[in-house]
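> Contents of start.txt (compact mmCIF, C-alpha atoms) are given next:
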```txt
# COMPACT_ATOMS: atom_id res chain seq x y z
CA VAL M 1063 -48.29 187.48 -68.11
CA GLY M 1064 -51.25 187.20 -70.47
CA ALA M 1065 -50.79 186.13 -74.06
CA GLU M 1066 -51.75 189.55 -75.37
CA THR M 1067 -49.36 191.36 -73.04
CA LEU M 1068 -46.62 188.94 -74.02
CA ALA M 1069 -47.35 189.48 -77.70
CA ARG M 1070 -47.15 193.23 -77.19
CA THR M 1071 -43.84 192.84 -75.41
CA ILE M 1072 -42.19 190.80 -78.11
CA THR M 1073 -43.92 192.09 -81.26
CA PRO M 1074 -42.44 195.25 -82.78
CA VAL M 1075 -44.85 198.19 -83.00
CA PRO M 1076 -44.86 198.32 -86.84
CA GLU M 1077 -46.09 194.73 -86.96
CA LEU M 1078 -48.75 195.40 -84.34
CA ASP M 1079 -49.75 198.46 -86.35
CA GLY M 1080 -49.93 196.52 -89.58
CA ALA M 1081 -52.20 193.86 -88.10
CA ASP M 1082 -54.40 196.41 -86.35
CA ALA M 1083 -54.63 198.61 -89.43
CA LYS M 1084 -55.79 195.63 -91.47
CA ALA M 1085 -58.38 194.69 -88.84
CA ALA M 1086 -59.54 198.31 -88.46
CA ALA M 1087 -59.94 198.66 -92.23
CA ALA M 1088 -62.32 195.71 -92.02
CA GLY M 1089 -64.36 197.54 -89.39
CA ASP M 1090 -62.74 196.38 -86.15
CA ALA M 1091 -63.20 199.38 -83.82
CA ALA M 1092 -61.15 197.80 -81.03
CA ALA M 1093 -58.15 197.48 -83.37
CA PHE M 1094 -58.58 201.10 -84.36
CA GLU M 1095 -58.66 202.13 -80.70
CA ARG M 1096 -55.34 200.33 -80.19
CA LEU M 1097 -53.88 202.31 -83.09
CA TYR M 1098 -55.22 205.48 -81.50
CA ARG M 1099 -53.65 204.62 -78.12
CA ARG M 1100 -50.27 203.98 -79.73
CA HIS M 1101 -50.19 207.12 -81.88
CA ALA M 1102 -52.37 209.75 -80.17
CA ALA M 1103 -49.52 211.42 -78.31
CA ARG M 1104 -47.40 211.76 -81.43
CA ILE M 1105 -50.24 213.21 -83.52
CA HIS M 1106 -51.45 215.50 -80.73
CA THR M 1107 -47.95 216.90 -80.23
CA LEU M 1108 -47.62 217.54 -83.95
CA CYS M 1109 -51.02 219.30 -84.09
CA ARG M 1110 -50.21 221.40 -81.04
CA ARG M 1111 -46.93 222.60 -82.54
CA MET M 1112 -48.25 223.19 -86.04
CA LEU M 1113 -51.50 224.83 -84.91
CA SER M 1114 -51.95 225.81 -81.27
CA PRO M 1115 -52.67 224.14 -77.93
CA GLU M 1116 -56.31 225.25 -78.24
CA GLU M 1117 -56.80 223.56 -81.62
CA ALA M 1118 -54.79 220.42 -80.91
CA ASP M 1119 -57.61 218.28 -79.45
CA ASP M 1120 -60.03 219.01 -82.26
CA ALA M 1121 -57.37 218.53 -84.93
CA THR M 1122 -56.21 215.23 -83.41
CA GLN M 1123 -59.75 213.89 -83.41
CA GLU M 1124 -60.17 215.00 -86.99
CA VAL M 1125 -56.98 213.17 -87.98
CA PHE M 1126 -58.13 209.88 -86.46
CA ILE M 1127 -61.64 210.16 -87.88
CA ARG M 1128 -60.21 210.75 -91.34
CA ALA M 1129 -57.77 207.90 -90.79
CA TRP M 1130 -60.71 205.58 -90.01
CA GLU M 1131 -62.42 206.66 -93.21
CA LYS M 1132 -59.28 206.27 -95.31
CA LEU M 1133 -57.91 203.06 -93.81
CA ALA M 1134 -59.04 201.09 -96.83
CA LEU M 1135 -56.51 203.11 -98.84
CA PHE M 1136 -53.64 202.13 -96.53
CA ARG M 1137 -51.73 199.50 -98.48
CA GLY M 1138 -49.06 198.80 -95.90
CA GLU M 1139 -46.29 199.87 -98.28
CA ALA M 1140 -45.07 202.40 -95.71
CA ALA M 1141 -45.31 202.06 -91.93
CA PHE M 1142 -48.72 202.95 -90.52
CA SER M 1143 -47.06 205.65 -88.38
CA THR M 1144 -45.63 207.27 -91.54
CA TRP M 1145 -48.99 207.11 -93.32
CA LEU M 1146 -50.80 208.58 -90.32
CA HIS M 1147 -48.20 211.29 -89.85
CA ARG M 1148 -48.49 212.36 -93.48
CA LEU M 1149 -52.28 212.38 -93.20
CA ALA M 1150 -52.01 214.58 -90.10
CA ILE M 1151 -49.66 217.01 -91.84
CA ASN M 1152 -52.04 217.31 -94.79
CA LEU M 1153 -55.04 217.92 -92.54
CA VAL M 1154 -53.18 220.49 -90.49
CA LEU M 1155 -52.12 222.34 -93.63
CA ALA M 1156 -55.66 222.17 -95.02
CA ARG M 1157 -56.95 223.60 -91.76
CA ARG M 1158 -54.42 226.41 -92.00
CA ALA M 1159 -55.51 227.12 -95.57
CA ARG M 1160 -59.16 227.28 -94.47
CA GLU M 1161 -58.24 229.75 -91.74
CA ALA M 1162 -56.33 231.88 -94.21
CA ARG M 1163 -59.34 231.95 -96.57
CA GLN M 1164 -61.60 232.97 -93.69
CA ARG M 1165 -59.25 235.74 -92.64
CA TYR M 1166 -59.18 236.97 -96.23
CA ARG M 1167 -62.96 236.80 -96.51
CA PHE M 1168 -63.52 238.75 -93.34
CA GLY M 1169 -60.83 241.27 -94.20
CA ALA M 1170 -58.58 240.50 -91.27
CA ASP M 1171 -54.85 240.98 -91.43
CA ALA M 1172 -53.01 238.53 -93.64
CA GLU M 1173 -51.24 236.94 -90.74
CA GLU M 1174 -51.84 237.01 -87.06
CA VAL M 1175 -48.78 237.67 -85.00
CA ALA M 1176 -48.66 236.45 -81.44
CA PRO M 1177 -48.50 239.09 -78.72
CA PRO M 1178 -45.14 240.02 -77.27
CA LEU M 1179 -43.79 237.52 -74.83
CA ALA M 1180 -43.05 237.70 -71.16
CA ARG M 1181 -39.37 237.52 -71.99
CA ARG M 1182 -39.48 241.14 -73.01
CA GLU M 1183 -40.55 242.01 -69.50
CA ARG M 1184 -38.15 239.55 -67.91
CA PRO M 1185 -35.03 239.29 -70.07
CA ASP M 1186 -33.59 236.73 -67.68
CA LEU M 1187 -36.37 234.27 -68.45
CA ARG M 1188 -35.30 231.48 -70.76
CA MET M 1189 -38.40 230.79 -72.74
CA ASP M 1190 -39.85 227.35 -73.25
CA MET M 1191 -39.10 226.22 -76.78
CA ASP M 1192 -42.68 225.19 -77.57
CA ALA M 1193 -43.98 228.56 -76.37
CA ALA M 1194 -41.40 230.29 -78.54
CA ILE M 1195 -42.45 228.25 -81.60
CA GLY M 1196 -45.99 229.39 -80.92
CA THR M 1197 -44.98 233.01 -81.46
CA LEU M 1198 -43.67 232.45 -84.98
CA PRO M 1199 -45.65 233.74 -87.95
CA ARG M 1200 -47.69 231.03 -89.62
CA GLY M 1201 -45.48 230.19 -92.61
CA ALA M 1202 -42.22 230.26 -90.68
CA ARG M 1203 -43.74 228.14 -87.93
CA GLU M 1204 -44.93 225.42 -90.30
CA ILE M 1205 -41.56 225.20 -91.99
CA PHE M 1206 -39.60 225.25 -88.74
CA VAL M 1207 -41.68 222.44 -87.21
CA LEU M 1208 -41.58 220.36 -90.38
CA HIS M 1209 -37.83 220.75 -90.88
CA ASP M 1210 -36.21 221.07 -87.47
CA VAL M 1211 -38.68 219.06 -85.38
CA GLU M 1212 -40.19 216.54 -87.79
CA GLY M 1213 -37.16 216.07 -90.02
CA TYR M 1214 -38.67 216.85 -93.42
CA THR M 1215 -36.29 218.02 -96.16
CA HIS M 1216 -36.73 221.35 -97.94
CA GLU M 1217 -37.76 219.50 -101.08
CA GLU M 1218 -40.48 217.61 -99.18
CA ILE M 1219 -41.67 220.81 -97.52
CA ALA M 1220 -41.75 222.55 -100.90
CA GLY M 1221 -44.06 219.82 -102.17
CA LEU M 1222 -46.32 219.94 -99.13
CA LEU M 1223 -46.66 223.71 -98.99
CA ASN M 1224 -46.49 224.39 -102.72
CA VAL M 1225 -43.54 226.75 -102.33
CA SER M 1226 -40.00 226.58 -103.70
CA ALA M 1227 -37.19 224.90 -101.76
CA GLY M 1228 -35.50 228.31 -101.66
CA THR M 1229 -38.52 229.83 -99.93
CA SER M 1230 -38.48 226.97 -97.44
CA LYS M 1231 -34.81 227.63 -96.68
CA SER M 1232 -35.24 231.37 -96.23
CA GLN M 1233 -38.33 230.93 -94.03
CA LEU M 1234 -36.50 228.39 -91.91
CA HIS M 1235 -33.62 230.79 -91.41
CA ARG M 1236 -36.07 233.55 -90.51
CA ALA M 1237 -37.73 231.29 -87.94
CA ARG M 1238 -34.44 230.25 -86.38
CA MET M 1239 -33.28 233.85 -86.14
CA THR M 1240 -36.49 234.76 -84.30
CA LEU M 1241 -36.26 231.78 -81.95
CA ARG M 1242 -32.61 232.50 -81.26
CA GLN M 1243 -33.63 235.87 -79.85
CA HIS M 1244 -36.31 234.29 -77.68
CA LEU M 1245 -34.02 231.64 -76.33
CA GLN M 1246 -31.07 233.88 -75.57
CA MET V 919 -27.43 242.90 -89.58
CA THR V 920 -26.02 243.60 -93.02
CA ASP V 921 -23.30 240.96 -93.16
CA PRO V 922 -24.18 238.89 -96.25
CA TRP V 923 -22.85 235.71 -94.62
CA THR V 924 -25.43 235.88 -91.84
CA ASP V 925 -28.20 234.78 -94.19
CA ARG V 926 -26.18 231.71 -95.19
CA LEU V 927 -25.58 230.49 -91.64
CA SER V 928 -28.58 228.16 -91.52
CA GLU V 929 -27.56 226.52 -94.78
CA TYR V 930 -24.03 226.18 -93.42
CA LEU V 931 -25.23 224.54 -90.21
CA ASP V 932 -27.46 222.19 -92.22
CA GLY V 933 -24.53 221.18 -94.44
CA GLU V 934 -26.18 222.59 -97.55
CA LEU V 935 -23.38 224.85 -98.76
CA SER V 936 -20.90 223.67 -101.34
CA ALA V 937 -17.47 222.74 -100.01
CA ARG V 938 -16.06 225.98 -101.41
CA GLU V 939 -18.79 228.15 -99.85
CA ALA V 940 -18.46 226.37 -96.53
CA ARG V 941 -14.72 226.98 -96.50
CA GLN V 942 -15.22 230.68 -97.30
CA LEU V 943 -17.82 231.00 -94.53
CA GLU V 944 -15.54 229.31 -92.01
CA GLU V 945 -12.78 231.75 -92.91
CA HIS V 946 -15.25 234.56 -92.32
CA LEU V 947 -16.39 233.14 -88.99
CA ALA V 948 -12.79 233.11 -87.79
CA THR V 949 -12.73 236.89 -88.09
CA CYS V 950 -16.34 237.95 -87.38
CA ASP V 951 -17.56 237.91 -83.76
CA ASP V 952 -21.13 238.80 -84.72
CA CYS V 953 -21.52 235.91 -87.14
CA ARG V 954 -19.93 233.50 -84.65
CA SER V 955 -22.43 234.62 -82.04
CA VAL V 956 -25.39 234.25 -84.43
CA ALA V 957 -24.16 230.82 -85.53
CA ALA V 958 -23.93 229.68 -81.90
CA GLY V 959 -27.48 230.92 -81.28
CA LEU V 960 -28.82 229.15 -84.37
CA ARG V 961 -27.06 225.95 -83.38
CA ALA V 962 -28.71 226.17 -79.95
CA VAL V 963 -32.12 226.53 -81.62
CA ILE V 964 -31.51 223.49 -83.84
CA GLU V 965 -30.39 221.42 -80.85
CA ALA V 966 -33.35 222.54 -78.74
CA ALA V 967 -35.77 221.60 -81.54
CA ALA V 968 -34.18 218.18 -81.89
CA LEU V 969 -34.60 217.58 -78.15
CA LEU V 970 -38.30 218.46 -78.08
CA PRO V 971 -40.43 215.51 -76.99
CA ALA V 972 -42.20 213.97 -79.97
CA ASP V 973 -45.09 212.46 -78.06
CA VAL V 974 -46.77 214.30 -75.23
CA GLU V 975 -50.07 212.69 -74.26
CA PRO V 976 -53.15 214.90 -74.65
CA ALA V 977 -54.45 216.26 -71.35
CA ARG V 978 -57.69 214.33 -71.80
CA ASP V 979 -58.77 211.14 -73.50
CA LEU V 980 -59.91 212.00 -77.02
CA TRP V 981 -61.02 208.48 -77.91
CA PRO V 982 -64.70 208.75 -76.82
CA GLY V 983 -65.21 211.63 -79.23
CA ILE V 984 -63.50 209.77 -82.06
CA ALA V 985 -65.50 206.62 -81.39
CA ALA V 986 -68.77 208.56 -81.39
CA ALA V 987 -67.93 210.42 -84.57
CA THR V 988 -66.77 207.34 -86.49
CA THR V 989 -69.89 205.44 -85.43
CA ALA V 990 -72.09 208.32 -86.53
CA ARG V 991 -70.25 208.72 -89.81
CA GLU V 992 -70.51 205.04 -90.56
CA GLU V 993 -74.10 204.42 -89.59
CA ALA V 994 -75.94 207.56 -90.63
CA PRO V 995 -74.65 207.82 -94.22
CA ALA V 996 -75.15 204.08 -94.70
CA ALA V 997 -78.74 204.48 -93.55
CA VAL V 998 -79.31 207.42 -95.87
CA LEU V 999 -77.75 205.51 -98.74
CA GLU V 1000 -79.99 202.52 -98.17
CA PHE V 1001 -83.04 204.73 -98.01
CA ASN V 1002 -82.09 206.73 -101.10
CA ARG V 1003 -81.47 203.57 -103.10
CA PHE V 1004 -84.87 202.32 -102.08
CA VAL V 1005 -86.60 205.59 -102.95
CA ARG V 1006 -84.94 205.69 -106.39
CA ALA V 1007 -85.94 202.12 -107.20
CA PRO V 1008 -88.34 201.95 -110.19
CA ALA V 1009 -91.07 200.23 -108.18
CA MET V 1010 -90.96 202.88 -105.50
CA ARG V 1011 -93.90 204.93 -106.69
CA ARG V 1012 -96.12 201.90 -106.71
CA ARG V 1013 -95.13 201.07 -103.17
CA PHE V 1014 -96.55 204.35 -101.89
CA THR V 1015 -100.18 203.37 -102.10
CA PHE V 1016 -103.02 205.02 -100.21
CA SER V 1017 -106.73 204.45 -99.88
CA VAL V 1018 -109.00 207.42 -100.66
CA PRO V 1019 -109.88 208.13 -96.99
CA GLN V 1020 -106.21 207.86 -96.12
CA LEU V 1021 -105.31 210.31 -98.86
CA ALA V 1022 -107.91 212.75 -97.61
CA ALA V 1023 -106.65 212.47 -94.05
CA ALA V 1024 -103.07 212.90 -95.21
CA ALA V 1025 -103.95 215.97 -97.24
CA VAL V 1026 -105.65 217.60 -94.26
CA LEU V 1027 -102.71 216.76 -92.08
CA LEU V 1028 -100.24 218.11 -94.61
CA VAL V 1029 -102.10 221.41 -94.81
CA ALA V 1030 -102.12 221.63 -91.03
CA VAL V 1031 -98.41 220.93 -90.82
CA SER V 1032 -97.60 223.42 -93.58
CA ALA V 1033 -99.71 226.11 -91.92
CA GLY V 1034 -98.07 225.40 -88.60
CA THR V 1035 -94.67 225.57 -90.21
CA ALA V 1036 -95.59 228.84 -91.90
CA LEU V 1037 -96.70 230.44 -88.64
CA TRP V 1038 -93.69 229.14 -86.86
CA LEU V 1039 -91.24 230.25 -89.54
CA GLY V 1040 -92.94 233.60 -89.83
CA GLY V 1041 -91.84 234.37 -86.33
CA GLY V 1042 -88.28 233.22 -86.53
CA ALA V 1043 -86.95 232.51 -90.02
CA GLY V 1044 -83.61 234.00 -90.90
CA GLY V 1045 -82.82 235.14 -87.41
CA ALA V 1046 -80.71 233.91 -84.57
CA THR V 1047 -82.48 231.47 -82.32
CA ALA V 1048 -82.23 231.38 -78.58
CA THR V 1049 -79.41 228.88 -78.84
CA GLY V 1050 -77.51 231.03 -81.28
CA VAL V 1051 -77.96 228.74 -84.29
CA ILE V 1052 -79.01 230.62 -87.39
CA VAL V 1053 -81.98 229.19 -89.20
CA GLN V 1054 -82.72 229.90 -92.85
CA SER V 1055 -85.88 229.52 -94.86
CA ALA V 1056 -85.14 227.57 -98.02
CA GLY V 1057 -88.27 228.46 -99.95
CA GLY V 1058 -90.33 231.14 -98.27
CA PRO V 1059 -92.50 230.79 -95.25
CA VAL V 1060 -95.25 228.63 -96.75
CA ASN V 1061 -93.09 225.73 -97.86
CA GLY V 1062 -90.09 226.84 -95.89
CA GLU V 1063 -87.66 224.38 -94.41
CA VAL V 1064 -85.23 225.02 -91.64
CA ARG V 1065 -81.60 224.09 -92.06
CA LEU V 1066 -78.81 223.98 -89.57
CA VAL V 1067 -76.26 226.56 -90.55
CA SER V 1068 -73.80 226.55 -87.72
CA SER V 1069 -72.86 224.05 -85.12
CA GLY V 1070 -74.80 223.65 -81.92
CA GLY V 1071 -76.85 220.56 -82.50
CA THR V 1072 -79.69 221.30 -80.12
CA ASP V 1073 -81.58 223.83 -82.15
CA ALA V 1074 -85.17 223.86 -81.00
CA ASP V 1075 -86.60 224.81 -84.40
CA VAL V 1076 -84.98 221.88 -86.15
CA ASP V 1077 -86.05 219.51 -83.39
CA ALA V 1078 -89.58 220.87 -83.71
CA GLU V 1079 -89.68 220.28 -87.46
CA ILE V 1080 -88.36 216.76 -87.02
CA ALA V 1081 -91.02 216.09 -84.38
CA ARG V 1082 -93.76 217.38 -86.69
CA LEU V 1083 -92.55 215.32 -89.63
CA GLU V 1084 -92.27 212.21 -87.47
CA GLU V 1085 -95.77 212.78 -86.15
CA THR V 1086 -97.12 213.09 -89.66
CA LEU V 1087 -95.27 209.99 -90.69
CA ALA V 1088 -96.64 208.02 -87.76
CA LEU V 1089 -100.18 209.01 -88.69
CA ARG V 1090 -99.65 207.90 -92.28
CA ARG V 1091 -97.69 204.82 -91.43
CA ASP V 1092 -100.50 202.39 -92.20
CA ALA V 1093 -100.94 203.90 -95.62
CA LEU V 1094 -97.44 203.01 -96.63
CA ASP V 1095 -96.26 199.81 -98.16
CA PRO V 1096 -94.73 197.54 -95.46
CA ALA V 1097 -91.43 197.33 -97.39
CA THR V 1098 -91.20 201.12 -97.40
CA VAL V 1099 -91.92 201.30 -93.70
CA GLU V 1100 -89.29 198.67 -92.99
CA VAL V 1101 -86.50 200.47 -94.87
CA LEU V 1102 -87.52 203.83 -93.48
CA GLU V 1103 -87.67 202.65 -89.90
CA ARG V 1104 -84.36 200.85 -90.17
CA SER V 1105 -82.73 203.96 -91.63
CA LEU V 1106 -84.21 206.25 -89.01
CA GLU V 1107 -83.14 203.88 -86.25
CA SER V 1108 -79.53 204.00 -87.47
CA ILE V 1109 -79.59 207.76 -87.68
CA ASP V 1110 -81.14 208.05 -84.23
CA SER V 1111 -78.46 205.75 -82.87
CA ALA V 1112 -75.74 207.90 -84.46
CA MET V 1113 -77.35 211.04 -83.04
CA GLU V 1114 -77.55 209.47 -79.62
CA ALA V 1115 -73.87 208.50 -79.74
CA ALA V 1116 -72.91 212.04 -80.71
CA ARG V 1117 -75.12 213.50 -77.95
CA ALA V 1118 -73.59 211.20 -75.34
CA ALA V 1119 -70.08 212.14 -76.43
CA LEU V 1120 -71.03 215.81 -76.33
CA ALA V 1121 -72.37 215.38 -72.81
CA ASP V 1122 -68.95 214.07 -71.79
CA ASP V 1123 -67.14 216.71 -73.77
CA PRO V 1124 -69.33 219.81 -74.02
CA GLY V 1125 -68.17 222.41 -76.48
CA ASN V 1126 -66.21 219.98 -78.67
CA PRO V 1127 -66.73 221.56 -82.13
CA LEU V 1128 -66.13 218.30 -83.95
CA LEU V 1129 -68.85 216.49 -82.06
CA ALA V 1130 -71.20 219.45 -82.40
CA ARG V 1131 -70.69 219.41 -86.17
CA GLN V 1132 -71.19 215.66 -86.20
CA LEU V 1133 -74.50 216.00 -84.38
CA ASP V 1134 -75.58 218.81 -86.70
CA ASN V 1135 -74.74 216.78 -89.79
CA THR V 1136 -76.57 213.71 -88.55
CA THR V 1137 -79.57 215.78 -87.51
CA GLN V 1138 -79.59 217.35 -90.95
CA MET V 1139 -79.52 213.87 -92.54
CA LYS V 1140 -82.57 212.88 -90.55
CA LEU V 1141 -84.38 216.07 -91.44
CA ASP V 1142 -83.58 215.64 -95.14
CA MET V 1143 -84.75 212.04 -95.07
CA LEU V 1144 -88.06 212.91 -93.43
CA ARG V 1145 -88.64 215.73 -95.88
CA ARG V 1146 -87.93 213.41 -98.73
CA VAL V 1147 -90.54 210.97 -97.51
CA HIS V 1148 -93.05 213.80 -97.37
CA ARG V 1149 -92.17 215.01 -100.84
CA VAL V 1150 -92.58 211.50 -102.24
CA GLN V 1151 -95.85 211.10 -100.41
CA ARG V 1152 -97.06 214.44 -101.68
CA ALA V 1153 -96.10 213.49 -105.23
CA GLY V 1154 -98.03 210.26 -104.76
CA THR V 1155 -101.16 212.21 -103.95
```
Transcribe the structure of this file into structure tokens.


Amino acid sequence: VGAETLARTITPVPELDGADAKAAAAGDAAAFERLYRRHAARIHTLCRRMLSPEEADDATQEVFIRAWEKLALFRGEAAFSTWLHRLAINLVLARRAREARQRYRFGADAEEVAPPLARRERPDLRMDMDAAIGTLPRGAREIFVLHDVEGYTHEEIAGLLNVSAGTSKSQLHRARMTLRQHLQ
Amino acid sequence: MTDPWTDRLSEYLDGELSAREARQLEEHLATCDDCRSVAAGLRAVIEAAALLPADVEPARDLWPGIAAATTAREEAPAAVLEFNRFVRAPAMRRRFTFSVPQLAAAAVLLVAVSAGTALWLGGGAGGATATGVIVQSAGGPVNGEVRLVSSGGTDADVDAEIARLEETLALRRDALDPATVEVLERSLESIDSAMEAARAALADDPGNPLLARQLDNTTQMKLDMLRRVHRVQRAGT
């Protein structure tokens, strides 16, 4: 077993992250690639759920490029994974806001609603949870993913989305009610 | 459903009701089949969400695109910064020195380039090019400049203007102060390297909008830098 492999086996991920983040902030591209390899799946999954499968690749790349640019601001006070996750959430929400502005500018409907699902044609089909999340309206989807999948509190969501905690709660309930119908 | 307790079920399941409200809701659930059914459905949703995998690998490796973009973003702006600092330096004007025959040759060349640009823009400014990238004229056809508006990165008009400006620069190279040439060439080399990295990544991942934007931005940096050199040279004449 090589020294590096051994080090990886016995060193906890947060410590590996901390060392690699420090090296990457100093311009070490190989260290940054290691960070990417450790966290790409997590960030890609988040982007896919918050946005769509089609946008997930582009959004994930954007997250890591911005992370590279902002690494100097990472102080190591929180875990790198937490810092990166928060950065990803902010970028995803900013992307959503840009889309909303574009829809408004071009006079499209305020919110796109996904087409009816196959379940309606085959009531016996138990729908995949991720596919069901993809059918939620934008606001309800963001709040559902943040709360029920990512574990954010209503107060944190309120801060991120600039809404009240009450709005977050009611949107979450709305999302769950919709998903309950899809999953039945 | 009009039952007022239905809208409180999520809060109940999340443990966000007061002890008194929770007790009241539980008493209601004991007598209401509909609410019990909804609560069971909501609980199933919450459990399904909690069981979702948090880390599914992307279907393809996204690292090459990230590496290309970070390289381009690091190198190209740094090159532009170095060049701009140099151009703004107080001694800059003095460094652009030309002999009289050189000035005459440069003037003729500049007129030829401007006329060529005018003819070329006259046929295509403001419209969609063959590659679908819209090109705008910034100041009318005579001193017009093309600018990338949307992503694509291979716009023939922009490439043509860059080629013309580079050709002009090569012809005037000897008239420039060696220090100017050194900074300029170093900056252009960095930008070219960033463009090449973005092109290579795009070849591996055609249609990636991030990489296309990256290539556009870097190309625009190069174009702006070359134009700046020409403006400074023109001012020097």

> Just want the 12 Å neighbourhood of Ala957 (chain V), counted on only C-alpha atoms, with same-chain residues fewer than 3 positions away dropped. Output as a PyMOL selection string.

(chain M and resi 1235+1238-1239+1242) or (chain V and resi 923-932+943-944+946-948+950-954+960-964)

> Looking at all atoms listed in the file, which of M:Met1112, M:Val1225, M:Ala1091, M:Leu1078 is the one that sits closest to chain V?

M:Ala1091

> Enumerate, in order of chain and increasing residue number, the residues of chain V with an atom no farther than 8 Å from chain M, each with its shortest atom pair and distance in Å to one decimal, counting all atoms listed in the file, as a tab-separated table.


```
residue	atom	partner	partner_atom	distance
V:Asp925	CA	M:His1235	CA	7.3
V:Ser928	CA	M:His1235	CA	5.7
V:Glu929	CA	M:Lys1231	CA	7.6
V:Gly959	CA	M:Arg1242	CA	5.4
V:Leu960	CA	M:Arg1242	CA	5.9
V:Ala962	CA	M:Arg1242	CA	7.5
V:Val963	CA	M:Arg1242	CA	6.0
V:Ile964	CA	M:Asp1210	CA	6.4
V:Ala966	CA	M:Met1191	CA	7.1
V:Ala967	CA	M:Val1211	CA	5.4
V:Ala968	CA	M:Val1211	CA	5.8
V:Leu970	CA	M:Val1211	CA	7.3
V:Ala972	CA	M:Arg1104	CA	5.8
V:Asp973	CA	M:Arg1104	CA	4.1
V:Val974	CA	M:Ala1103	CA	5.0
V:Glu975	CA	M:Ala1103	CA	4.3
V:Pro976	CA	M:Ala1103	CA	6.2
V:Leu980	CA	M:Gln1123	CA	6.7
V:Trp981	CA	M:Glu1095	CA	7.3
V:Gly983	CA	M:Gln1123	CA	7.2
V:Ile984	CA	M:Gln1123	CA	5.7
V:Ala985	CA	M:Ala1091	CA	8.0
V:Ala987	CA	M:Ile1127	CA	7.1
V:Thr988	CA	M:Ile1127	CA	6.0
V:Asn1126	CA	M:Asp1120	CA	7.2
V:Pro1127	CA	M:Asp1120	CA	7.2
V:Leu1128	CA	M:Asp1120	CA	6.4
```

> Calculate how many Å separate CA of Arg1160 (chain M) from CA of Thr1229 (chain M), rounding to one decimal.

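These atoms are spaced 21.5 Å apart.
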
> Expressed in Å to a single decimal, how great is the separation between CA of Leu1129 (chain V) and CA of Ala1115 (chain V)?

9.7 Å

> Could you jot down the CA of Leu1133 (chain V) to CA of Val1076 (chain V) separation for me, Å, one decimal place?

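Between CA of Leu1133 (chain V) and CA of Val1076 (chain V) the gap is 12.1 Å.
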
> For Ser1111 (chain V), find every residue with an atom within 10 Å (counting all atoms listed in the file), except residues of its own chain fewer than 4 positions away, and show them as an NGL selection string.

:V and (989-990 or 993-994 or 1105-1107 or 1115-1117 or 1136)

> Which of these, V:Leu935, V:Val1099, V:Leu969, V:Met1139, has the shortest distance to Ile1080 (chain V) once you count all atoms listed in the file?

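Under the stated criterion, the closest residue is V:Met1139.
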